Amino acid sequence: MVDSQYYLPNDIGISPLDCAEAFRQLSPKEKLYAHYLSRAAWYGGLVVLLQTSPESASIYVLLQKLFRRQPPAQLEGVATAAGLSPEEYQAFLVYAAGLYANMGNYKSFGDTKFIPNLPKDKLKSLVWQSQAFQESPTEMEALWNSCVQLMYSLEDKQKQLGLGDKGITTYFSGNCCLEDAELAQKFLDSKNLSAYNTRLFKEEGAEGKRCYQVRLASAEKKDSSADGEGETRCGKYEFEDAVFHVRRGDYAPLMKKVSDNLDKAKTYAANESQQRMLEEYVRSFTYGSVDAHKEGSRHWIKDKGPIVESYIGFIESYRDPFGSRGEFEGFVAVVNKSMSARFAKLVSSAEVLLPQLPWPPAFEKDNFLRPDFTSLDVLTFAGSGIPAGINIPNYDDIRQTEGFKNVSLGNVLAVAYSTQKEKLTFLEENDKDMYIKWKSPSFEVQVGLHELLGHGSGKLFVQDEKGNFNFERDSVRNPETGELISSWYKGSETWDSKFSTIASSYEECRAECVGLYLCLNKEVLSIFGHEGTDAEDVIYVNWLTMVRAGLLGLEFYTPESKSWRQAHMQARFVILRVLLEAGEGLVTLQERTGSDGRPDALITLDRSKVHTVGKSAIQRFLCKLQVHKSTADVDGGRALYEGYSAVSSTGSHDFLRLRETVLLRKEARKMFVQANTQVKGEGVELVDYEGSAAGLISSFTERFPEDAEEVEAQLLELNKRDAPCWC
C-alpha cells in the first residue's frame with residue numbers, strides 16, 4: 001500500500017472558477033487585452049513544468065497527446081477494454097488533472113510528490129491501446145519510457161522538493177548543495193544581479209576551480225549585447241575560488257511566446273502606463289533582465305484601478321529550496337467593484353491603523369504609499385497554484401520607497417474555503433457550526449489585513465552603496481534590548497538574499513500575525529460590515545481558523561529531513577506554538593480517540609481570552625519578528641523562528657504523533673478548472689468547462705489550439721537538453 005499522502009483521492013474537490021459575469025461586462029477592447037495577456041500567462045506557465053522536476057514536462061506531453069486524440073469520455077471505453085476498473089480510470093483522470101493544476105507532479109501546496117493511484121501495468125495497457133499510441137507507437141513508447149520510472153518512484157529523495165539529499169529541485173543541477181547556493185548568492189549580490197529569473201548549474205572546472213553557469217530566462221539566446229537591451233550582464237566572472245558564467249536562453253522558446261503575446265496585448269492597452277509596463281516586460285523576457293521587470297512593475301504600480309488587472313513574471317520564491325529564485329506565474333483578472341470598495345476603505349484607514357502595530361515608529365516606513373487594493377475575479381492564473389490574495393511586487397527596493405498593490409481573489413475565496421461539516425476535523429460540534437457560518441467573512445478580513453498591513457508594513461534599515469543610511473543611527477534603538485541599532489542591510493542585500501531559506505515563511509508569519517492583531521480592532525471589522533456580536537464571532541472564527549490551521553500544518557512537515565515544505569503552513573504552526581505557550585487556557589490541544597476508534601485530536605480556543613492573553617502574546621511575538629527583520633538580524637531571527645518551527649515528541653505536546661493523526665484525517669486541497677478565451681471574428685469568447693477531473697483535463701487540451709504540438713516539441717527539447725544535469 002502506498003501512503004495516501006502520495007496520491008490524490010478520487011473524490012478530491014474540483015471546482016470551476018466562475019468569471020463569466022465579470023468577463024461579459026468587459027468592452028471588446030478590454031476582452032482582447034485580457035485574451036492576449038492570458039495567452040502570455042498560459043505559455044509562461046509551462047515554464048513551471050521545467051522548474052518543478054525532471055519528469056514533469058514529459059508526463060505533461062504524454063497526457064496532452066493522449067487526451068487530445070481521445071477526450072476523457074472517449075478514452076473511458078479504451079480503459080475498460082485495457083482492464084481498468086472504473087475506480088482505476090477515475091484515479092488516472094484525477095492524477096492527470098492534478099498534474100495540470102499543479103503544473104508538475106509535486107503538490108504546489110506542500111511540495112510533496114503525487115503518483116498515479118493505479119498499477120503501472122494497468123496505466124501502460126491504457127496508453128498502449130490508446131488512439132495516440134496506435135497512430136504514433138514509436139513516439140508514445142519513447143515518451144512513456146522517458147518518464148514512467150520517475151512518475152512512479154517514491155525513493156526517499158523523490159518524495160518532496162528540496163536541495164541536495166533533501167529532495168528534488170530543478171532550480172539547481174543535481175550536483176549542487178547548500179554551500180553552492182550560498183556562494184552563488186554572494187556572487188549575484190556582488191554583481192547586483194537578482195536571482196529571481198535564474199537557475200544554477202555546476203559544471204566541471206579547470207585547474208581545481210569550481211565552475212558554475214547562472215542561466216537567465218530569456219527569449220534571446222546570444223550572450224552578447226543586443227539592440228534595445230542596454231548593458232549586458234552576461235559573461236565570465238571570477239569570484240572567490242570559483243568561475244561563474246552568466247548566460248542567457250533558459251526556456252527561450254516559451255519566453256518568446258510570452259513576449260509575442262504581451263506585444264499583441266499592448267495594442268489594446270487602456271493607457272500609457274499599461275503600454276510602458278508591457279514594453280518593459282517584453283524587454284525583461286527577451287533579454288533576461290530583472291531590472292526591466294522592475295521598471296515594468298513601477299509602471300504597473302502607477303496603473304491605478306484598471307478594469308483588467310494582471311501581473312506576470314518570476315514572482316514567488318517559495319519553491320526554490322534556497323528561497324531566492326522565482327517560480328513563473330501570470331494572472332489576468334477583472335475588478336469586482338462592490339468588494340473593492342471595502343478594500344479601498346481599508347486603504348484609507350491604513351495611516352490610522354499602522355501606528356497601532358506593536359513596534360516603534362522608527363521601525364515603520366517613513367511614508368505609507370497608498371496602494372491599489374482590489375477584489376478581483378480571476379480569468380486566468382497560470383503557474384503551480386492559485387492563492388487567495390497577493391501583495392506585489394516582491395522587490396524590496398520598490399516596496400519600501402515606491403509602493404505596491406494588493407489583490408484579493410474573490411472567486412477563488414468563494415470556492416476554495418467552503419467545506420462540509422462532516423469533513424471538518426479537530427473542532428467541537430458548536431465550533432463547527434460557527435466555523436461554517438463565519439469562515440468566509442473572517443478569511444476575507446484576514447486576507448485584507450495580511451496583504452495590505454502585513455506585507456505592506458515595516459521598514460528595512462539600509463545603508464546604500466554610497467554609505468547613506470535610511471534611519472538615524474545615533475537615536476534609533478532596538479525595543480527588545482534598548483541598545484542602538486547595530487546591524488542593517490548593506491548595498492544590494494535584500495530580505496530574500498539575507499534570510500534565504502526562512503525568508504518566505506517568516507514573512508508569511510509576520511503578515512498572519514498582523515491580521516490576527518488588527519482584526520481585534522472594531523473599526524476594521526466595521527469596514528467589512530461586521531458590528532456587535534457578529535464582529536466578535538468574526539474575530540473568534542479568525543483566531544480559531546488560525547490555531548486549527550497550525551495543527552493542520554503538520555501535514556507539511558517532513559520528520560526525516562526535519563524540514564517544512566510549505567511556507568504558510570509552517571507560519572501557522574509557529575503561531576499555534578506561540579499561542580499555546582501563552583498559557584492561561586487560551587488554546588488547548590488534546591489527543592483523543594475518534595468515534596471511528598482511530599486517533600483523533602481536539603483544539604479549542606477560549607474566546608474570552610482572545611482580547612487579553614491572545615493579543616498580548618501576538619503583540620510580543622510580532623514586535624520580535626519585525627525587529628529582527630528591520631535590522632537584518634539573521635542569527636536572531638533564525639533562532640526565534642526555527643525554535644518555534646521545531647516539531648518534536650517532547651514537551652507539552654507530542655507533535656510528531658499529532659502529525660500522524662493529521663495525516664490520517666487530512667482533506668485534499670481543492671483544484672480549480674479555468675476557462676479559456678478564443679478570438680472569434682473581431683470578438684473574444686469565453687469557453688467554460690465543468691468542475692470535474694474531465695473538465696480540468698479538457699481545459700488544458702484545448703488551451704493551445706494553434707500550436708500545441710510545436711509547444712510540446714519545444715518542452716521536450718528543453719527537457720532533453722538539461723536531462724544530464726539532474727543525475
# chains A, B, ... in the order shown; residues from 1 in each chain; ligands from 1
call {"tool": "select_by_dssp", "arguments": {"residues": "range 74-194 of chain A", "states": "alpha helix (DSSP H)", "output": "JSON, numbers by chain"}}
result
{"A": [74, 75, 76, 77, 78, 79, 80, 81, 86, 87, 88, 89, 90, 91, 92, 93, 94, 95, 96, 97, 98, 99, 100, 101, 102, 120, 121, 122, 123, 124, 125, 126, 127, 128, 129, 131, 132, 133, 134, 135, 137, 138, 139, 140, 141, 142, 143, 144, 145, 146, 147, 148, 149, 150, 151, 152, 178, 179, 180, 181, 182, 183, 184, 185, 186, 187, 188, 189, 190]}
call {"tool": "residues_around", "arguments": {"residues": "Arg283 in chain A", "least_positions_apart": "2", "cutoff": "10 Å", "atoms": "only C-alpha atoms", "output": "list in words"}}
result
Ser218, Ala219, Gly228, Glu229, Ser259, Met277, Leu278, Glu279, Glu280, Tyr281, Phe285, Thr286, Tyr287, Gly288, Ser289, Val290, Asp291, Ala292, His293 and Gly296 of chain A
call {"tool": "atom_distance", "arguments": {"atom1": "CA of Glu591 in chain A", "atom2": "CA of Arg577 in chain A"}}
result
15.9 Å
call {"tool": "residues_around", "arguments": {"residues": "Phe655 in chain A", "least_positions_apart": "4", "cutoff": "12 Å", "atoms": "only C-alpha atoms", "output": "PyMOL selection string"}}
result
chain A and resi 550-555+557+559+573+576-577+589-591+601+645-651+659-662
call {"tool": "residues_around", "arguments": {"residues": "Val634 in chain A", "least_positions_apart": "2", "cutoff": "12 Å", "atoms": "only C-alpha atoms", "output": "number ranges by chain"}}
result
A: 487-489, 494-503, 506, 625-632, 636-642
call {"tool": "atom_distance", "arguments": {"atom1": "CA of Lys257 in chain A", "atom2": "CA of Thr374 in chain A"}}
result
28.9 Å
call {"tool": "closest_residue", "arguments": {"among": "A:Pro479, A:Pro116, A:Gly164, A:Gly681", "to": "Gln149 in chain A", "atoms": "only C-alpha atoms"}}
result
A:Pro116
call {"tool": "residues_around", "arguments": {"residues": "Ala22 in chain A", "least_positions_apart": "2", "cutoff": "7 Å", "atoms": "only C-alpha atoms", "output": "ChimeraX atom specification"}}
result
/A:19-20,24-25,334,377
call {"tool": "closest_residue", "arguments": {"among": "A:Arg607, A:Glu682, A:Ala694, A:Arg620", "to": "Pro28 in chain A", "atoms": "only C-alpha atoms"}}
result
A:Glu682
call {"tool": "atom_distance", "arguments": {"atom1": "CA of Val613 in chain A", "atom2": "CA of Ile539 in chain A"}}
result
14.3 Å
call {"tool": "closest_residue", "arguments": {"among": "A:Ser56, A:Ser130, A:Ser348, A:Gln185", "to": "Glu76 in chain A", "atoms": "only C-alpha atoms"}}
result
A:Ser130
call {"tool": "decode", "arguments": {"residues": "range 36-156 of chain A", "atoms": "C-alpha atoms", "output": "PDB file, in the first residue's frame"}}
result
ATOM      1  CA  TYR A  36      -3.572  38.232 -25.097  1.00  0.00           C
ATOM      2  CA  LEU A  37      -2.425  38.692 -21.502  1.00  0.00           C
ATOM      3  CA  SER A  38      -3.959  35.270 -20.776  1.00  0.00           C
ATOM      4  CA  ARG A  39      -2.138  33.716 -23.738  1.00  0.00           C
ATOM      5  CA  ALA A  40       1.153  35.114 -22.412  1.00  0.00           C
ATOM      6  CA  ALA A  41       0.387  33.749 -18.935  1.00  0.00           C
ATOM      7  CA  TRP A  42      -0.516  30.267 -20.171  1.00  0.00           C
ATOM      8  CA  TYR A  43       2.623  29.939 -22.313  1.00  0.00           C
ATOM      9  CA  GLY A  44       4.767  31.181 -19.441  1.00  0.00           C
ATOM     10  CA  GLY A  45       3.025  28.843 -17.024  1.00  0.00           C
ATOM     11  CA  LEU A  46       4.532  25.892 -18.911  1.00  0.00           C
ATOM     12  CA  VAL A  47       7.924  27.008 -17.583  1.00  0.00           C
ATOM     13  CA  VAL A  48       6.795  25.696 -14.179  1.00  0.00           C
ATOM     14  CA  LEU A  49       6.942  22.139 -15.551  1.00  0.00           C
ATOM     15  CA  LEU A  50      10.660  22.678 -16.135  1.00  0.00           C
ATOM     16  CA  GLN A  51      11.084  24.355 -12.739  1.00  0.00           C
ATOM     17  CA  THR A  52       9.442  21.506 -10.801  1.00  0.00           C
ATOM     18  CA  SER A  53      11.002  18.123 -11.616  1.00  0.00           C
ATOM     19  CA  PRO A  54      12.996  16.376 -14.365  1.00  0.00           C
ATOM     20  CA  GLU A  55       9.966  14.305 -15.410  1.00  0.00           C
ATOM     21  CA  SER A  56       7.101  16.838 -15.217  1.00  0.00           C
ATOM     22  CA  ALA A  57       7.379  18.115 -18.802  1.00  0.00           C
ATOM     23  CA  SER A  58       7.471  14.602 -20.299  1.00  0.00           C
ATOM     24  CA  ILE A  59       4.433  13.492 -18.273  1.00  0.00           C
ATOM     25  CA  TYR A  60       2.579  16.639 -19.390  1.00  0.00           C
ATOM     26  CA  VAL A  61       3.299  15.944 -23.066  1.00  0.00           C
ATOM     27  CA  LEU A  62       2.287  12.283 -22.686  1.00  0.00           C
ATOM     28  CA  LEU A  63      -1.066  13.325 -21.188  1.00  0.00           C
ATOM     29  CA  GLN A  64      -1.654  16.038 -23.785  1.00  0.00           C
ATOM     30  CA  LYS A  65      -1.124  13.586 -26.638  1.00  0.00           C
ATOM     31  CA  LEU A  66      -3.424  11.000 -25.041  1.00  0.00           C
ATOM     32  CA  PHE A  67      -6.308  13.358 -24.337  1.00  0.00           C
ATOM     33  CA  ARG A  68      -6.034  15.443 -27.488  1.00  0.00           C
ATOM     34  CA  ARG A  69      -6.745  12.324 -29.562  1.00  0.00           C
ATOM     35  CA  GLN A  70      -9.397  10.996 -27.163  1.00  0.00           C
ATOM     36  CA  PRO A  71     -11.170  13.184 -24.579  1.00  0.00           C
ATOM     37  CA  PRO A  72     -11.783  11.596 -21.146  1.00  0.00           C
ATOM     38  CA  ALA A  73     -15.294  10.297 -22.015  1.00  0.00           C
ATOM     39  CA  GLN A  74     -13.997   8.625 -25.167  1.00  0.00           C
ATOM     40  CA  LEU A  75     -10.878   7.208 -23.508  1.00  0.00           C
ATOM     41  CA  GLU A  76     -13.045   5.538 -20.855  1.00  0.00           C
ATOM     42  CA  GLY A  77     -14.028   2.756 -23.266  1.00  0.00           C
ATOM     43  CA  VAL A  78     -10.367   2.109 -24.032  1.00  0.00           C
ATOM     44  CA  ALA A  79      -9.649   1.957 -20.287  1.00  0.00           C
ATOM     45  CA  THR A  80     -12.359  -0.646 -19.751  1.00  0.00           C
ATOM     46  CA  ALA A  81     -11.010  -2.737 -22.624  1.00  0.00           C
ATOM     47  CA  ALA A  82      -7.499  -2.421 -21.154  1.00  0.00           C
ATOM     48  CA  GLY A  83      -8.726  -3.951 -17.883  1.00  0.00           C
ATOM     49  CA  LEU A  84      -9.054  -0.832 -15.719  1.00  0.00           C
ATOM     50  CA  SER A  85     -11.859  -0.700 -13.177  1.00  0.00           C
ATOM     51  CA  PRO A  86     -13.991   2.495 -13.035  1.00  0.00           C
ATOM     52  CA  GLU A  87     -12.133   3.459  -9.848  1.00  0.00           C
ATOM     53  CA  GLU A  88      -8.749   2.988 -11.516  1.00  0.00           C
ATOM     54  CA  TYR A  89      -9.757   5.077 -14.526  1.00  0.00           C
ATOM     55  CA  GLN A  90     -11.037   7.822 -12.221  1.00  0.00           C
ATOM     56  CA  ALA A  91      -7.716   7.655 -10.339  1.00  0.00           C
ATOM     57  CA  PHE A  92      -5.909   8.210 -13.648  1.00  0.00           C
ATOM     58  CA  LEU A  93      -8.122  11.195 -14.526  1.00  0.00           C
ATOM     59  CA  VAL A  94      -7.515  12.690 -11.064  1.00  0.00           C
ATOM     60  CA  TYR A  95      -3.751  12.202 -11.489  1.00  0.00           C
ATOM     61  CA  ALA A  96      -3.824  13.939 -14.877  1.00  0.00           C
ATOM     62  CA  ALA A  97      -5.948  16.789 -13.506  1.00  0.00           C
ATOM     63  CA  GLY A  98      -3.519  17.102 -10.588  1.00  0.00           C
ATOM     64  CA  LEU A  99      -0.533  17.363 -12.893  1.00  0.00           C
ATOM     65  CA  TYR A 100      -2.218  20.132 -14.885  1.00  0.00           C
ATOM     66  CA  ALA A 101      -3.445  22.002 -11.796  1.00  0.00           C
ATOM     67  CA  ASN A 102      -0.020  21.890 -10.111  1.00  0.00           C
ATOM     68  CA  MET A 103       1.966  22.233 -13.360  1.00  0.00           C
ATOM     69  CA  GLY A 104       4.020  19.247 -12.335  1.00  0.00           C
ATOM     70  CA  ASN A 105       3.912  16.066 -10.275  1.00  0.00           C
ATOM     71  CA  TYR A 106       4.601  17.768  -6.922  1.00  0.00           C
ATOM     72  CA  LYS A 107       1.829  19.487  -4.984  1.00  0.00           C
ATOM     73  CA  SER A 108       2.115  23.254  -5.239  1.00  0.00           C
ATOM     74  CA  PHE A 109       0.946  23.492  -1.633  1.00  0.00           C
ATOM     75  CA  GLY A 110       3.328  21.307   0.345  1.00  0.00           C
ATOM     76  CA  ASP A 111       5.822  20.270  -2.358  1.00  0.00           C
ATOM     77  CA  THR A 112       5.025  16.562  -1.888  1.00  0.00           C
ATOM     78  CA  LYS A 113       5.171  14.225  -4.860  1.00  0.00           C
ATOM     79  CA  PHE A 114       1.987  12.524  -6.032  1.00  0.00           C
ATOM     80  CA  ILE A 115       1.874   9.401  -8.177  1.00  0.00           C
ATOM     81  CA  PRO A 116      -0.936   7.650 -10.096  1.00  0.00           C
ATOM     82  CA  ASN A 117      -3.158   5.601  -7.765  1.00  0.00           C
ATOM     83  CA  LEU A 118      -3.332   2.627 -10.094  1.00  0.00           C
ATOM     84  CA  PRO A 119      -0.852  -0.114 -11.013  1.00  0.00           C
ATOM     85  CA  LYS A 120       1.857   0.813 -13.507  1.00  0.00           C
ATOM     86  CA  ASP A 121       0.985  -2.119 -15.814  1.00  0.00           C
ATOM     87  CA  LYS A 122      -2.681  -1.006 -15.974  1.00  0.00           C
ATOM     88  CA  LEU A 123      -1.673   2.515 -16.959  1.00  0.00           C
ATOM     89  CA  LYS A 124       0.721   1.106 -19.568  1.00  0.00           C
ATOM     90  CA  SER A 125      -2.096  -1.016 -21.048  1.00  0.00           C
ATOM     91  CA  LEU A 126      -4.267   2.084 -21.345  1.00  0.00           C
ATOM     92  CA  VAL A 127      -1.518   4.047 -23.091  1.00  0.00           C
ATOM     93  CA  TRP A 128      -0.713   1.174 -25.451  1.00  0.00           C
ATOM     94  CA  GLN A 129      -4.356   0.771 -26.501  1.00  0.00           C
ATOM     95  CA  SER A 130      -4.995   4.489 -26.939  1.00  0.00           C
ATOM     96  CA  GLN A 131      -5.527   6.125 -30.319  1.00  0.00           C
ATOM     97  CA  ALA A 132      -2.432   8.294 -29.754  1.00  0.00           C
ATOM     98  CA  PHE A 133      -0.310   5.136 -29.421  1.00  0.00           C
ATOM     99  CA  GLN A 134      -1.926   3.441 -32.432  1.00  0.00           C
ATOM    100  CA  GLU A 135      -1.094   6.482 -34.569  1.00  0.00           C
ATOM    101  CA  SER A 136       2.462   7.094 -33.239  1.00  0.00           C
ATOM    102  CA  PRO A 137       3.684   3.976 -31.410  1.00  0.00           C
ATOM    103  CA  THR A 138       7.402   4.799 -31.527  1.00  0.00           C
ATOM    104  CA  GLU A 139       6.927   8.341 -30.231  1.00  0.00           C
ATOM    105  CA  MET A 140       4.492   7.326 -27.489  1.00  0.00           C
ATOM    106  CA  GLU A 141       6.645   4.409 -26.305  1.00  0.00           C
ATOM    107  CA  ALA A 142       9.682   6.716 -26.122  1.00  0.00           C
ATOM    108  CA  LEU A 143       7.654   9.263 -24.126  1.00  0.00           C
ATOM    109  CA  TRP A 144       6.422   6.565 -21.746  1.00  0.00           C
ATOM    110  CA  ASN A 145       9.919   5.190 -21.235  1.00  0.00           C
ATOM    111  CA  SER A 146      11.328   8.662 -20.588  1.00  0.00           C
ATOM    112  CA  CYS A 147       9.061   9.362 -17.621  1.00  0.00           C
ATOM    113  CA  VAL A 148       7.420   6.208 -16.219  1.00  0.00           C
ATOM    114  CA  GLN A 149      10.158   5.279 -13.764  1.00  0.00           C
ATOM    115  CA  LEU A 150      10.211   8.725 -12.139  1.00  0.00           C
ATOM    116  CA  MET A 151       6.431   9.063 -12.440  1.00  0.00           C
ATOM    117  CA  TYR A 152       6.006   6.164 -10.006  1.00  0.00           C
ATOM    118  CA  SER A 153       9.216   6.445  -7.966  1.00  0.00           C
ATOM    119  CA  LEU A 154       8.876   7.114  -4.247  1.00  0.00           C
ATOM    120  CA  GLU A 155      12.526   6.869  -3.252  1.00  0.00           C
ATOM    121  CA  ASP A 156      13.144   8.993  -0.172  1.00  0.00           C
TER     122      ASP A 156
END
